[in-house]
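The file coords-v4.cif contains mmCIF, C-alpha atoms and all ligand atoms:
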data_run
loop_
_atom_site.label_atom_id
_atom_site.label_comp_id
_atom_site.auth_asym_id
_atom_site.auth_seq_id
_atom_site.Cartn_x
_atom_site.Cartn_y
_atom_site.Cartn_z
CA MET H 1003 3.72 -2.88 6.94
CA THR H 1004 4.40 0.85 7.26
CA ASP H 1005 5.95 2.98 10.01
CA ARG H 1006 2.51 3.70 11.50
CA PRO H 1007 1.72 2.47 15.04
CA LEU H 1008 1.09 -1.29 15.31
CA ALA H 1009 -2.07 -2.89 16.73
CA LEU H 1010 -2.67 -6.58 17.44
CA ILE H 1011 -6.34 -7.58 17.65
CA THR H 1012 -7.38 -11.04 18.84
CA GLY H 1013 -10.68 -12.34 17.52
CA ALA H 1014 -10.24 -10.13 14.45
CA SER H 1015 -11.76 -12.69 12.09
CA LYS H 1016 -15.32 -12.08 13.27
CA GLY H 1017 -17.76 -9.91 15.16
CA ILE H 1018 -16.49 -7.12 17.39
CA GLY H 1019 -12.79 -7.84 16.75
CA ARG H 1020 -13.31 -7.58 13.02
CA ALA H 1021 -15.09 -4.24 13.41
CA VAL H 1022 -12.23 -3.01 15.63
CA ALA H 1023 -9.79 -3.99 12.86
CA ASP H 1024 -11.79 -1.92 10.36
CA SER H 1025 -11.93 1.04 12.74
CA LEU H 1026 -8.15 1.06 13.37
CA ALA H 1027 -7.13 0.29 9.78
CA GLY H 1028 -6.91 3.95 8.81
CA THR H 1029 -4.40 4.82 11.51
CA HIS H 1030 -2.58 1.58 12.45
CA ASP H 1031 -0.75 -1.32 10.90
CA LEU H 1032 -2.65 -4.43 12.00
CA LEU H 1033 -1.96 -7.98 13.12
CA LEU H 1034 -5.23 -9.87 12.74
CA GLY H 1035 -5.78 -12.64 15.33
CA GLY H 1036 -7.96 -15.71 14.79
CA ARG H 1037 -7.45 -19.38 13.99
CA ASP H 1038 -8.29 -19.61 10.30
CA GLU H 1039 -5.21 -18.43 8.38
CA GLU H 1040 -7.04 -18.30 5.03
CA ALA H 1041 -9.95 -16.24 6.35
CA LEU H 1042 -7.50 -13.85 8.00
CA ALA H 1043 -5.46 -13.56 4.79
CA SER H 1044 -8.52 -12.60 2.78
CA LEU H 1045 -9.54 -10.07 5.44
CA ALA H 1046 -5.99 -8.63 5.49
CA ALA H 1047 -6.04 -8.27 1.70
CA GLY H 1048 -8.96 -5.83 1.99
CA LEU H 1049 -7.23 -3.56 4.52
CA PRO H 1050 -4.49 -0.99 3.85
CA SER H 1051 -1.75 -2.58 5.97
CA ALA H 1052 -2.62 -5.80 7.80
CA ARG H 1053 -1.16 -9.28 8.31
CA PRO H 1054 -2.82 -12.48 9.54
CA TRP H 1055 -1.75 -13.53 13.02
CA ALA H 1056 -3.25 -17.02 13.24
CA VAL H 1057 -2.81 -18.73 16.59
CA GLU H 1058 -4.82 -20.93 18.94
CA LEU H 1059 -4.73 -18.64 21.95
CA THR H 1060 -5.02 -21.44 24.50
CA ASP H 1061 -1.87 -23.13 23.17
CA GLU H 1062 0.89 -21.62 25.33
CA ARG H 1063 3.76 -22.76 23.13
CA ALA H 1064 2.11 -21.54 19.94
CA LEU H 1065 1.41 -18.23 21.64
CA ALA H 1066 5.04 -17.75 22.67
CA ALA H 1067 6.19 -18.54 19.12
CA ALA H 1068 3.64 -16.16 17.60
CA VAL H 1069 4.86 -13.13 19.59
CA ALA H 1070 8.59 -13.86 19.20
CA ASP H 1071 9.22 -11.19 16.55
CA ILE H 1072 7.04 -8.43 18.05
CA ASP H 1073 9.36 -6.00 19.82
CA ARG H 1074 7.16 -2.91 19.79
CA LEU H 1075 3.36 -2.80 20.08
CA ASP H 1076 1.20 0.31 20.39
CA VAL H 1077 -2.23 -1.29 20.83
CA LEU H 1078 -3.33 -4.76 22.00
CA VAL H 1079 -7.08 -5.43 21.74
CA HIS H 1080 -8.31 -8.65 23.36
CA SER H 1081 -11.59 -9.49 21.62
CA ALA H 1082 -11.42 -13.31 21.28
CA GLY H 1083 -13.83 -14.92 23.71
CA ILE H 1084 -16.39 -17.70 24.18
CA SER H 1085 -19.68 -17.96 26.04
CA ARG H 1086 -20.52 -21.24 27.74
CA LEU H 1087 -24.01 -20.91 29.19
CA GLY H 1088 -26.32 -23.04 31.32
CA PRO H 1089 -27.64 -23.45 34.86
CA LEU H 1090 -25.03 -24.33 37.48
CA THR H 1091 -26.54 -27.80 37.76
CA GLU H 1092 -25.71 -28.45 34.11
CA VAL H 1093 -22.52 -26.62 33.18
CA THR H 1094 -19.56 -28.95 33.35
CA ALA H 1095 -16.03 -28.56 34.67
CA ALA H 1096 -14.96 -28.45 31.01
CA ASP H 1097 -17.29 -25.46 30.40
CA TRP H 1098 -15.65 -23.62 33.33
CA ARG H 1099 -12.13 -24.53 32.22
CA GLU H 1100 -12.70 -23.56 28.58
CA SER H 1101 -14.22 -20.23 29.64
CA TYR H 1102 -11.29 -19.40 31.91
CA GLU H 1103 -8.66 -20.72 29.47
CA LEU H 1104 -9.70 -18.38 26.64
CA ASN H 1105 -11.44 -15.47 28.39
CA VAL H 1106 -8.85 -15.09 31.16
CA VAL H 1107 -5.67 -17.19 31.02
CA ALA H 1108 -4.96 -16.58 27.32
CA VAL H 1109 -5.46 -12.82 27.83
CA VAL H 1110 -3.15 -12.79 30.84
CA GLU H 1111 -0.45 -14.84 29.11
CA LEU H 1112 -0.56 -12.96 25.79
CA THR H 1113 -0.33 -9.64 27.63
CA ARG H 1114 2.56 -10.91 29.78
CA LEU H 1115 4.49 -12.03 26.71
CA LEU H 1116 3.91 -8.68 25.01
CA LEU H 1117 4.63 -6.43 28.00
CA PRO H 1118 8.18 -5.52 26.89
CA ALA H 1119 6.84 -4.56 23.45
CA LEU H 1120 3.96 -2.59 25.00
CA ARG H 1121 6.27 -0.78 27.41
CA ALA H 1122 8.61 0.10 24.52
CA ALA H 1123 5.71 1.88 22.81
CA GLU H 1124 3.97 3.14 25.98
CA GLY H 1125 1.11 1.16 24.55
CA HIS H 1126 -2.58 0.62 25.19
CA VAL H 1127 -4.32 -2.63 26.18
CA VAL H 1128 -8.06 -2.81 25.45
CA LEU H 1129 -10.02 -5.73 26.91
CA ILE H 1130 -13.43 -6.49 25.41
CA ASN H 1131 -15.27 -7.51 28.55
CA SER H 1132 -19.11 -7.60 28.82
CA GLY H 1133 -22.09 -6.39 30.78
CA SER H 1134 -21.69 -9.84 32.36
CA GLY H 1135 -18.40 -8.62 33.84
CA ILE H 1136 -20.40 -6.13 35.93
CA LYS H 1137 -23.61 -8.02 36.72
CA ALA H 1138 -23.90 -11.83 36.83
CA ASN H 1139 -27.22 -13.36 35.79
CA PRO H 1140 -28.70 -16.86 36.15
CA LYS H 1141 -27.46 -19.38 33.53
CA TRP H 1142 -24.43 -17.21 32.72
CA GLY H 1143 -22.13 -18.69 35.42
CA PRO H 1144 -18.89 -19.62 33.60
CA TYR H 1145 -19.09 -16.64 31.23
CA ALA H 1146 -19.89 -14.05 33.91
CA ALA H 1147 -17.29 -15.40 36.33
CA SER H 1148 -14.62 -15.33 33.62
CA LYS H 1149 -15.54 -11.73 32.72
CA PHE H 1150 -15.50 -10.64 36.41
CA ALA H 1151 -12.00 -12.18 36.57
CA LEU H 1152 -11.02 -10.35 33.38
CA ARG H 1153 -12.15 -7.05 34.90
CA ALA H 1154 -10.10 -7.67 38.05
CA TYR H 1155 -7.10 -8.57 35.90
CA ALA H 1156 -7.46 -5.32 33.92
CA ASP H 1157 -7.57 -3.30 37.16
CA VAL H 1158 -4.37 -4.95 38.43
CA LEU H 1159 -2.64 -4.54 35.06
CA ARG H 1160 -3.55 -0.84 34.99
CA ALA H 1161 -2.31 -0.24 38.53
CA GLU H 1162 0.97 -2.07 37.88
CA GLU H 1163 1.74 -0.76 34.41
CA GLU H 1164 0.44 2.82 34.38
CA PRO H 1165 3.77 3.97 35.90
CA ASN H 1166 5.45 2.34 32.87
CA GLY H 1167 3.34 4.45 30.51
CA LEU H 1168 0.69 1.83 29.63
CA ARG H 1169 -3.02 2.53 29.38
CA VAL H 1170 -5.58 -0.22 30.09
CA THR H 1171 -9.25 0.04 29.10
CA SER H 1172 -12.04 -2.43 29.89
CA VAL H 1173 -14.96 -2.19 27.45
CA HIS H 1174 -18.28 -3.67 28.64
CA PRO H 1175 -20.70 -4.05 25.71
CA GLY H 1176 -24.29 -5.19 26.00
CA ARG H 1177 -25.78 -7.52 23.40
CA THR H 1178 -24.09 -7.03 20.04
CA ALA H 1179 -25.07 -8.52 16.67
CA THR H 1180 -22.41 -11.21 16.10
CA GLY H 1181 -22.12 -14.97 15.78
CA MET H 1182 -21.73 -15.20 19.55
CA GLN H 1183 -25.05 -13.40 20.09
CA LYS H 1184 -26.75 -15.74 17.61
CA ALA H 1185 -25.50 -18.70 19.67
CA VAL H 1186 -26.77 -17.01 22.85
CA ARG H 1187 -30.23 -16.57 21.30
CA ASP H 1188 -30.21 -20.22 20.19
CA PHE H 1189 -29.45 -21.18 23.80
CA GLU H 1190 -32.27 -18.93 25.03
CA GLY H 1191 -34.67 -20.43 22.49
CA GLY H 1192 -35.44 -17.02 20.93
CA ASP H 1193 -35.17 -15.51 17.46
CA TYR H 1194 -31.96 -13.83 16.44
CA VAL H 1195 -32.84 -10.43 14.98
CA PRO H 1196 -29.55 -8.56 14.46
CA GLU H 1197 -31.33 -5.17 14.29
CA LYS H 1198 -32.37 -5.58 17.94
CA TYR H 1199 -28.77 -5.43 19.11
CA MET H 1200 -25.84 -3.02 18.89
CA ARG H 1201 -23.77 -3.21 15.76
CA PRO H 1202 -20.17 -4.38 16.26
CA GLU H 1203 -19.13 -1.11 14.57
CA SER H 1204 -20.65 0.86 17.48
CA VAL H 1205 -18.50 -1.06 19.97
CA ALA H 1206 -15.48 -0.58 17.70
CA ALA H 1207 -16.13 3.18 17.69
CA VAL H 1208 -15.66 3.42 21.46
CA VAL H 1209 -12.50 1.29 21.27
CA LYS H 1210 -11.13 3.69 18.65
CA ALA H 1211 -12.12 6.68 20.81
CA ALA H 1212 -10.27 5.24 23.83
CA VAL H 1213 -7.16 4.58 21.73
CA ASP H 1214 -7.31 8.09 20.22
CA THR H 1215 -7.77 9.80 23.59
CA PRO H 1216 -4.90 12.26 24.11
CA ARG H 1217 -2.15 11.03 26.40
CA ASP H 1218 -3.05 13.41 29.23
CA ALA H 1219 -6.09 11.18 29.81
CA HIS H 1220 -6.60 7.46 30.47
CA VAL H 1221 -9.98 5.83 29.81
CA HIS H 1222 -10.35 3.07 32.43
CA GLU H 1223 -13.77 1.63 31.65
CA ILE H 1224 -16.49 2.00 29.05
CA VAL H 1225 -20.01 0.60 29.46
CA ILE H 1226 -21.96 0.59 26.19
CA ARG H 1227 -25.49 -0.75 25.76
CA GLN H 1228 -28.31 -0.62 23.26
CA PRO H 1229 -30.91 2.04 24.14
CA ASN H 1230 -33.85 0.68 26.17
CA ARG H 1231 -36.77 1.55 23.85
N1 LIG H 1301 -21.65 -10.43 20.95
C1 LIG H 1301 -22.06 -9.96 22.11
O1 LIG H 1301 -23.27 -9.79 22.36
C2 LIG H 1301 -21.05 -9.59 23.16
C3 LIG H 1301 -21.50 -8.82 24.26
C4 LIG H 1301 -20.58 -8.47 25.24
C5 LIG H 1301 -19.27 -8.87 25.14
N2 LIG H 1301 -18.85 -9.63 24.07
C6 LIG H 1301 -17.45 -10.01 24.02
O2 LIG H 1301 -16.90 -9.50 22.84
C7 LIG H 1301 -15.80 -10.33 22.41
C8 LIG H 1301 -16.00 -10.68 20.95
O3 LIG H 1301 -17.21 -11.39 20.83
P1 LIG H 1301 -17.96 -11.57 19.42
O4 LIG H 1301 -19.39 -11.45 19.71
O5 LIG H 1301 -17.31 -10.73 18.41
O6 LIG H 1301 -17.65 -13.14 19.16
P2 LIG H 1301 -17.53 -13.99 17.81
O7 LIG H 1301 -18.22 -13.31 16.69
O8 LIG H 1301 -17.93 -15.36 18.22
O9 LIG H 1301 -15.95 -13.96 17.51
C9 LIG H 1301 -15.08 -14.59 18.40
C10 LIG H 1301 -13.66 -14.42 17.92
O10 LIG H 1301 -12.80 -15.09 18.86
C11 LIG H 1301 -11.91 -15.94 18.14
N3 LIG H 1301 -11.59 -17.11 18.95
C12 LIG H 1301 -12.45 -17.93 19.59
N4 LIG H 1301 -11.80 -18.91 20.21
C13 LIG H 1301 -10.47 -18.73 19.94
C14 LIG H 1301 -9.28 -19.43 20.29
N5 LIG H 1301 -9.34 -20.53 21.08
N6 LIG H 1301 -8.10 -18.97 19.82
C15 LIG H 1301 -8.06 -17.89 19.02
N7 LIG H 1301 -9.14 -17.16 18.68
C16 LIG H 1301 -10.34 -17.59 19.12
C17 LIG H 1301 -12.67 -16.33 16.88
O11 LIG H 1301 -11.74 -16.72 15.90
P3 LIG H 1301 -12.02 -17.92 14.84
O12 LIG H 1301 -12.24 -17.25 13.55
O13 LIG H 1301 -10.77 -18.69 14.86
O14 LIG H 1301 -13.20 -18.68 15.33
C18 LIG H 1301 -13.41 -15.04 16.55
O15 LIG H 1301 -12.56 -14.19 15.81
C19 LIG H 1301 -15.82 -11.55 23.34
O16 LIG H 1301 -14.81 -11.40 24.31
C20 LIG H 1301 -17.20 -11.50 23.97
O17 LIG H 1301 -17.21 -12.10 25.23
C21 LIG H 1301 -19.72 -9.99 23.08
#
Can you give me the file's structure in the form of structure tokens?
Amino acid sequence: MTDRPLALITGASKGIGRAVADSLAGTHDLLLGGRDEEALASLAAGLPSARPWAVELTDERALAAAVADIDRLDVLVHSAGISRLGPLTEVTAADWRESYELNVVAVVELTRLLLPALRAAEGHVVLINSGSGIKANPKWGPYAASKFALRAYADVLRAEEEPNGLRVTSVHPGRTATGMQKAVRDFEGGDYVPEKYMRPESVAAVVKAAVDTPRDAHVHEIVIRQPNR
């Protein structure tokens, strides 16, 4: 690690989080979140200054242990997430709990644990939300509700912590070409054609822009969608 600013990215092993890691690698030292230590180590080896940060985010004790030696953090990007889909008659209590555990509770708890480190750096929290955090559609119940909750959480965090120098940005992407989107298309019974969706790098570019925004400005929310052609 160098003396550059430090960024922790959850969900950095795949999809949008991985693209965010690539986009910040030129300016930040990185902690790469995910669950597969080996995959994270090989990803870290290809970046200028990055370390694996392997933790099951829904395991409260593991989470507390994993942040114990972080005393200063400039950027925290929450990208890890799951989508449990289905009509309300079919989604189970477990689907709701798993959605809230990862998409909301783990974000809230990780941020809480890291608040002293974020305040020390007057840091920036970026939450990868979704179009589903703005408009809830049929068969997207647990996912949309968890993302609405995540948006509310971000608004409260911003209001409480802006006086302490923190910035908080919710990013709401539309469909993006990742493993999650492939699973969504499987659920919908349609083909998965990655070229039809935004590239994760395009979402990462707006995350990087929010982080790079001069300190006289604070980007609250970004909505980014594929063009309707
Ligand atoms: N793709 C889209 O169309 C789309 C659209 C709007 C918003 N989003 C949001 O964007 C974010 C990233 O999605 P994505 O499409 O990049 O998903 P993805 O390709 O499925 O990647 C999910 C990431 O989350 C990590 N993760 C999952 N469960 C975890 C757990 N319990 N503990 C620790 N890490 C865990 C995975 O790590 P492992 O390597 O350990 O599995 C992986 O790195 C999500 O919050 C999603 O809701 C996605």
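With all atoms listed in the file as the atoms that count, the minimum distance from Leu1032 (chain H) to the choices H:Arg1006, H:Lys1016, H:Arg1114, H:Lys1149 is reached by H:Arg1006.
Between CA of Ser1148 (chain H) and CA of Asn1131 (chain H) there is a distance of 9.3 Å.
The smallest atom-to-atom distance between Ala1151 (chain H) and any of H:Ala1123, H:Val1107, H:Met1182, H:Met1200, using all atoms listed in the file, is found for H:Val1107.
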| field | Contacts of ligand LIG 1301 (chain H), 7 Å or closer, all atoms listed in the file, given as a PyMOL selection string | value | chain H and resi 1012-1019+1035-1038+1057-1060+1081-1085+1104-1105+1130-1133+1174-1183
With 9 Å as the cut-off and only C-alpha atoms counted, what is the closest atom pair between each nearby residue of region 1085-1152 of chain H and region 1201-1224 of chain H? Distances in Å to one decimal, ordered by chain and number, as a Markdown table.
| residue | atom | partner | partner_atom | distance |
| --- | --- | --- | --- | --- |
| H:His1126 | CA | H:Val1213 | CA | 7.0 |
| H:Val1127 | CA | H:Val1213 | CA | 8.9 |
| H:Val1128 | CA | H:Val1209 | CA | 7.3 |
| H:Ile1130 | CA | H:Val1209 | CA | 8.9 |
Generate the missing atoms of region 1108-1122 of chain H up to N, CA and C atoms and report them as a CSV table (one decimal), in the coordinates of the input.
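Saved the output as result.csv:
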chain,number,residue,atom,x,y,z
H,1108,ALA,N,-5.6,-17.0,28.6
H,1108,ALA,CA,-5.0,-16.6,27.3
H,1108,ALA,C,-4.7,-15.1,27.3
H,1109,VAL,N,-5.6,-14.3,27.8
H,1109,VAL,CA,-5.5,-12.8,27.8
H,1109,VAL,C,-4.3,-12.4,28.7
H,1110,VAL,N,-4.2,-13.1,29.9
H,1110,VAL,CA,-3.2,-12.8,30.8
H,1110,VAL,C,-1.8,-13.2,30.2
H,1111,GLU,N,-1.7,-14.3,29.6
H,1111,GLU,CA,-0.4,-14.8,29.1
H,1111,GLU,C,0.0,-14.0,27.9
H,1112,LEU,N,-0.9,-13.7,27.0
H,1112,LEU,CA,-0.6,-13.0,25.8
H,1112,LEU,C,-0.1,-11.6,26.2
H,1113,THR,N,-0.8,-11.0,27.2
H,1113,THR,CA,-0.3,-9.6,27.6
H,1113,THR,C,1.0,-9.7,28.3
H,1114,ARG,N,1.3,-10.8,29.1
H,1114,ARG,CA,2.6,-10.9,29.8
H,1114,ARG,C,3.7,-11.0,28.8
H,1115,LEU,N,3.5,-11.8,27.7
H,1115,LEU,CA,4.5,-12.0,26.7
H,1115,LEU,C,4.8,-10.7,26.0
H,1116,LEU,N,3.8,-9.9,25.8
H,1116,LEU,CA,3.9,-8.7,25.0
H,1116,LEU,C,4.3,-7.4,25.8
H,1117,LEU,N,4.4,-7.6,27.2
H,1117,LEU,CA,4.6,-6.4,28.0
H,1117,LEU,C,5.9,-5.6,27.6
H,1118,PRO,N,7.0,-6.3,27.3
H,1118,PRO,CA,8.2,-5.5,26.9
H,1118,PRO,C,7.9,-4.7,25.6
H,1119,ALA,N,7.2,-5.3,24.7
H,1119,ALA,CA,6.8,-4.6,23.4
H,1119,ALA,C,5.9,-3.4,23.7
H,1120,LEU,N,4.9,-3.6,24.6
H,1120,LEU,CA,4.0,-2.6,25.0
H,1120,LEU,C,4.6,-1.5,25.8
H,1121,ARG,N,5.6,-1.8,26.7
H,1121,ARG,CA,6.3,-0.8,27.4
H,1121,ARG,C,7.1,0.0,26.5
H,1122,ALA,N,7.7,-0.6,25.5
H,1122,ALA,CA,8.6,0.1,24.5
H,1122,ALA,C,7.8,1.2,23.8
